[in-house]
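Below is the file coords-v2.cif, which contains mmCIF, N, CA and C atoms.
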```cif
data_data
loop_
_atom_site.label_atom_id
_atom_site.label_comp_id
_atom_site.auth_asym_id
_atom_site.auth_seq_id
_atom_site.Cartn_x
_atom_site.Cartn_y
_atom_site.Cartn_z
N MET A 1 108.40 85.42 120.84
CA MET A 1 109.71 85.89 121.27
C MET A 1 110.80 85.40 120.31
N GLY A 2 110.61 84.20 119.78
CA GLY A 2 111.58 83.66 118.83
C GLY A 2 111.67 84.47 117.56
N ASN A 3 110.53 85.03 117.11
CA ASN A 3 110.53 85.85 115.90
C ASN A 3 111.32 87.13 116.09
N ILE A 4 111.21 87.71 117.26
CA ILE A 4 111.95 88.95 117.54
C ILE A 4 113.44 88.68 117.53
N ILE A 5 113.85 87.58 118.13
CA ILE A 5 115.27 87.22 118.15
C ILE A 5 115.76 86.93 116.73
N ALA A 6 114.94 86.24 115.94
CA ALA A 6 115.32 85.95 114.55
C ALA A 6 115.49 87.24 113.75
N TRP A 7 114.58 88.20 113.93
CA TRP A 7 114.71 89.50 113.25
C TRP A 7 115.98 90.21 113.67
N LEU A 8 116.29 90.20 114.97
CA LEU A 8 117.49 90.88 115.45
C LEU A 8 118.76 90.23 114.90
N VAL A 9 118.79 88.90 114.88
CA VAL A 9 119.96 88.19 114.36
C VAL A 9 120.10 88.43 112.86
N LEU A 10 118.99 88.31 112.11
CA LEU A 10 119.03 88.57 110.67
C LEU A 10 119.45 90.02 110.41
N GLY A 11 118.92 90.95 111.18
CA GLY A 11 119.28 92.36 111.02
C GLY A 11 120.75 92.61 111.28
N LEU A 12 121.27 92.01 112.33
CA LEU A 12 122.69 92.20 112.65
C LEU A 12 123.58 91.62 111.56
N ILE A 13 123.28 90.41 111.11
CA ILE A 13 124.09 89.76 110.07
C ILE A 13 124.01 90.56 108.77
N ALA A 14 122.79 90.86 108.33
CA ALA A 14 122.61 91.55 107.05
C ALA A 14 123.19 92.96 107.09
N GLY A 15 122.95 93.69 108.17
CA GLY A 15 123.48 95.05 108.28
C GLY A 15 125.00 95.07 108.30
N ALA A 16 125.60 94.15 109.04
CA ALA A 16 127.06 94.10 109.12
C ALA A 16 127.67 93.73 107.77
N LEU A 17 127.08 92.75 107.08
CA LEU A 17 127.60 92.36 105.76
C LEU A 17 127.42 93.47 104.74
N ALA A 18 126.29 94.16 104.78
CA ALA A 18 126.06 95.26 103.85
C ALA A 18 127.08 96.37 104.07
N LYS A 19 127.34 96.71 105.33
CA LYS A 19 128.33 97.74 105.62
C LYS A 19 129.73 97.29 105.22
N LEU A 20 130.00 95.99 105.34
CA LEU A 20 131.30 95.45 104.97
C LEU A 20 131.52 95.52 103.46
N PHE A 21 130.50 95.14 102.69
CA PHE A 21 130.63 95.05 101.24
C PHE A 21 130.43 96.38 100.52
N TYR A 22 129.66 97.29 101.11
CA TYR A 22 129.37 98.55 100.43
C TYR A 22 130.60 99.45 100.52
N PRO A 23 131.02 100.02 99.37
CA PRO A 23 132.21 100.87 99.42
C PRO A 23 131.97 102.17 100.19
N GLY A 24 133.02 102.67 100.79
CA GLY A 24 132.92 103.89 101.57
C GLY A 24 132.71 103.58 103.03
N THR A 25 132.50 104.62 103.80
CA THR A 25 132.29 104.44 105.23
C THR A 25 130.85 104.79 105.58
N GLN A 26 130.28 103.97 106.43
CA GLN A 26 128.94 104.21 106.94
C GLN A 26 129.05 104.32 108.44
N GLY A 27 128.52 105.38 108.97
CA GLY A 27 128.58 105.60 110.41
C GLY A 27 127.54 104.77 111.12
N GLY A 28 127.49 104.94 112.40
CA GLY A 28 126.48 104.27 113.20
C GLY A 28 127.05 103.10 113.97
N GLY A 29 126.38 102.77 115.03
CA GLY A 29 126.81 101.67 115.87
C GLY A 29 126.00 100.41 115.60
N ILE A 30 125.97 99.55 116.59
CA ILE A 30 125.32 98.26 116.43
C ILE A 30 123.81 98.40 116.25
N LEU A 31 123.19 99.37 116.92
CA LEU A 31 121.75 99.56 116.78
C LEU A 31 121.38 99.98 115.36
N SER A 32 122.14 100.93 114.80
CA SER A 32 121.85 101.35 113.42
C SER A 32 122.12 100.22 112.44
N THR A 33 123.11 99.38 112.73
CA THR A 33 123.40 98.23 111.87
C THR A 33 122.24 97.24 111.88
N ILE A 34 121.69 96.97 113.06
CA ILE A 34 120.56 96.05 113.18
C ILE A 34 119.33 96.61 112.46
N ILE A 35 119.07 97.90 112.68
CA ILE A 35 117.91 98.53 112.03
C ILE A 35 118.08 98.51 110.51
N LEU A 36 119.29 98.84 110.04
CA LEU A 36 119.57 98.79 108.61
C LEU A 36 119.33 97.37 108.06
N GLY A 37 119.79 96.37 108.78
CA GLY A 37 119.61 94.99 108.33
C GLY A 37 118.16 94.57 108.31
N ILE A 38 117.40 94.95 109.32
CA ILE A 38 115.98 94.59 109.37
C ILE A 38 115.22 95.28 108.24
N LEU A 39 115.46 96.58 108.04
CA LEU A 39 114.81 97.29 106.94
C LEU A 39 115.25 96.73 105.59
N GLY A 40 116.54 96.37 105.50
CA GLY A 40 117.05 95.76 104.28
C GLY A 40 116.40 94.41 104.01
N ALA A 41 116.14 93.64 105.05
CA ALA A 41 115.48 92.35 104.89
C ALA A 41 114.06 92.53 104.38
N VAL A 42 113.35 93.48 104.95
CA VAL A 42 111.98 93.73 104.50
C VAL A 42 111.99 94.22 103.05
N PHE A 43 112.85 95.20 102.76
CA PHE A 43 112.91 95.77 101.42
C PHE A 43 113.41 94.74 100.40
N GLY A 44 114.52 94.07 100.71
CA GLY A 44 115.08 93.07 99.80
C GLY A 44 114.15 91.89 99.61
N GLY A 45 113.49 91.47 100.67
CA GLY A 45 112.53 90.37 100.57
C GLY A 45 111.34 90.72 99.71
N TYR A 46 110.83 91.92 99.90
CA TYR A 46 109.69 92.38 99.10
C TYR A 46 110.09 92.51 97.63
N LEU A 47 111.24 93.13 97.38
CA LEU A 47 111.70 93.34 96.02
C LEU A 47 111.99 92.01 95.32
N GLY A 48 112.66 91.10 96.03
CA GLY A 48 112.95 89.79 95.45
C GLY A 48 111.69 88.99 95.17
N GLN A 49 110.74 89.05 96.07
CA GLN A 49 109.47 88.35 95.88
C GLN A 49 108.72 88.94 94.69
N LEU A 50 108.75 90.25 94.57
CA LEU A 50 108.05 90.94 93.48
C LEU A 50 108.68 90.62 92.12
N LEU A 51 110.01 90.69 92.05
CA LEU A 51 110.70 90.52 90.78
C LEU A 51 110.95 89.06 90.42
N LEU A 52 111.28 88.23 91.41
CA LEU A 52 111.68 86.85 91.13
C LEU A 52 110.67 85.81 91.58
N GLY A 53 109.79 86.18 92.48
CA GLY A 53 108.86 85.20 93.03
C GLY A 53 109.58 84.15 93.87
N SER A 54 110.71 84.50 94.42
CA SER A 54 111.57 83.57 95.15
C SER A 54 111.08 83.35 96.58
N SER A 55 111.08 82.09 97.01
CA SER A 55 110.70 81.80 98.39
C SER A 55 111.79 82.25 99.36
N ALA A 56 113.06 82.27 98.92
CA ALA A 56 114.13 82.78 99.77
C ALA A 56 113.93 84.27 100.04
N ALA A 57 113.47 84.98 99.02
CA ALA A 57 113.20 86.41 99.20
C ALA A 57 112.05 86.60 100.17
N ALA A 58 111.04 85.77 100.07
CA ALA A 58 109.91 85.86 100.99
C ALA A 58 110.36 85.56 102.41
N GLY A 59 111.32 84.66 102.56
CA GLY A 59 111.86 84.35 103.88
C GLY A 59 112.55 85.55 104.51
N ALA A 60 113.21 86.35 103.68
CA ALA A 60 113.88 87.55 104.21
C ALA A 60 112.87 88.54 104.73
N SER A 61 111.75 88.65 104.06
CA SER A 61 110.77 89.65 104.47
C SER A 61 110.03 89.27 105.74
N VAL A 62 110.13 88.01 106.16
CA VAL A 62 109.49 87.60 107.42
C VAL A 62 110.51 87.27 108.50
N GLY A 63 111.79 87.47 108.23
CA GLY A 63 112.82 87.28 109.24
C GLY A 63 113.36 85.87 109.37
N ALA A 64 113.17 85.03 108.36
CA ALA A 64 113.69 83.66 108.41
C ALA A 64 115.20 83.68 108.27
N LEU A 65 115.87 82.76 108.94
CA LEU A 65 117.32 82.69 108.88
C LEU A 65 117.73 81.55 107.95
N SER A 66 118.02 81.90 106.71
CA SER A 66 118.54 80.95 105.73
C SER A 66 119.53 81.70 104.86
N LEU A 67 120.31 80.98 104.09
CA LEU A 67 121.30 81.62 103.25
C LEU A 67 120.64 82.56 102.23
N GLY A 68 119.55 82.11 101.64
CA GLY A 68 118.84 82.94 100.66
C GLY A 68 118.26 84.19 101.27
N SER A 69 117.67 84.06 102.46
CA SER A 69 117.08 85.24 103.10
C SER A 69 118.15 86.23 103.52
N ILE A 70 119.30 85.75 103.96
CA ILE A 70 120.40 86.64 104.32
C ILE A 70 120.90 87.37 103.07
N LEU A 71 121.00 86.66 101.96
CA LEU A 71 121.45 87.27 100.71
C LEU A 71 120.51 88.40 100.29
N PHE A 72 119.21 88.14 100.29
CA PHE A 72 118.25 89.19 99.91
C PHE A 72 118.25 90.33 100.92
N ALA A 73 118.44 90.04 102.19
CA ALA A 73 118.50 91.08 103.20
C ALA A 73 119.72 91.97 103.01
N VAL A 74 120.87 91.37 102.67
CA VAL A 74 122.09 92.15 102.43
C VAL A 74 121.91 93.03 101.20
N ILE A 75 121.35 92.47 100.14
CA ILE A 75 121.11 93.26 98.92
C ILE A 75 120.17 94.43 99.24
N GLY A 76 119.10 94.16 99.97
CA GLY A 76 118.17 95.22 100.35
C GLY A 76 118.84 96.29 101.19
N ALA A 77 119.69 95.87 102.14
CA ALA A 77 120.39 96.83 102.99
C ALA A 77 121.37 97.68 102.19
N MET A 78 122.04 97.07 101.21
CA MET A 78 122.97 97.83 100.38
C MET A 78 122.22 98.86 99.52
N ILE A 79 121.06 98.49 99.03
CA ILE A 79 120.24 99.45 98.27
C ILE A 79 119.82 100.60 99.18
N LEU A 80 119.45 100.28 100.42
CA LEU A 80 119.06 101.34 101.36
C LEU A 80 120.23 102.25 101.71
N ILE A 81 121.44 101.69 101.85
CA ILE A 81 122.62 102.53 102.09
C ILE A 81 122.82 103.49 100.92
N PHE A 82 122.68 102.98 99.71
CA PHE A 82 122.83 103.82 98.51
C PHE A 82 121.78 104.93 98.50
N LEU A 83 120.53 104.57 98.73
CA LEU A 83 119.45 105.56 98.72
C LEU A 83 119.64 106.60 99.83
N TRP A 84 120.07 106.16 101.01
CA TRP A 84 120.32 107.08 102.11
C TRP A 84 121.43 108.07 101.74
N GLY A 85 122.45 107.57 101.05
CA GLY A 85 123.52 108.44 100.59
C GLY A 85 123.03 109.49 99.62
N LEU A 86 122.08 109.12 98.74
CA LEU A 86 121.52 110.08 97.81
C LEU A 86 120.71 111.15 98.52
N VAL A 87 119.97 110.73 99.52
CA VAL A 87 119.10 111.66 100.26
C VAL A 87 119.92 112.62 101.10
N THR A 88 120.98 112.14 101.70
CA THR A 88 121.76 112.97 102.63
C THR A 88 122.96 113.66 101.99
N ARG A 89 123.14 113.46 100.71
CA ARG A 89 124.29 114.08 100.02
C ARG A 89 124.15 115.59 100.06
N ARG A 90 125.23 116.24 100.40
CA ARG A 90 125.23 117.70 100.47
C ARG A 90 125.59 118.28 99.10
N ALA A 91 125.00 119.39 98.79
CA ALA A 91 125.33 120.09 97.55
C ALA A 91 126.72 120.72 97.68
N ALA A 92 127.54 120.53 96.67
CA ALA A 92 128.92 121.04 96.76
C ALA A 92 129.02 122.46 96.31
#
```

Starting from the coordinates I provided, produce the structure as structure tokens.
Amino acid sequence: MGNIIAWLVLGLIAGALAKLFYPGTQGGGILSTIILGILGAVFGGYLGQLLLGSSAAAGASVGALSLGSILFAVIGAMILIFLWGLVTRRAA
């Protein structure tokens, strides 16, 4: 049960920070923010572990709450916001 709560807290923090720092407006409520943060943590943690071999990045991919894991989760969430924008962009 503690792991689920840690994932939710990490997702909320990372998703909210990513939406705050990413330019433009991103829709969605608290549930989409949490999901974005959790997916960003998994993606950012995997990417950071792959490229840097960082234990902080590995912490993000398993839902650990530390400054490093939050940083990688926010970076991952911002990348996902960017990719989502590319996928949903309408042709002008």

> the PyMOL selection byres (((chain A and resi 35-43 and name CA) around 10) and name CA) on the file shown: which residues, as a PyMOL selection string?
Replying inline: chain A and resi 7-19+28+30-34+44-49+57-64+69-81

>> Could you go through chain A and tell me which residues DSSP, when run on the backbone, assigns to alpha helix (DSSP H), listing them as a PyMOL selection string?
In response: chain A and resi 2-21+30-52+55-61+67-88

> By how many Å are atom N of Gly53 of chain A and atom C of Leu67 of chain A apart?
Replying inline: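 Result for atom N of Gly53 of chain A versus atom C of Leu67 of chain A: 15.0 Å, one decimal.
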
>> Between atom C of Ile5 of chain A and atom N of Ser66 of chain A, what is the distance in Å, rounded to a tenth?
In response: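 Atom-to-atom, atom C of Ile5 of chain A to atom N of Ser66 of chain A, that is 11.4 Å.
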
> Could you work out how far atom CA of Gly24 of chain A lies from atom CA of Leu83 of chain A, giving the answer in Å with one decimal?
Replying inline: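 So the answer is 13.9 Å.
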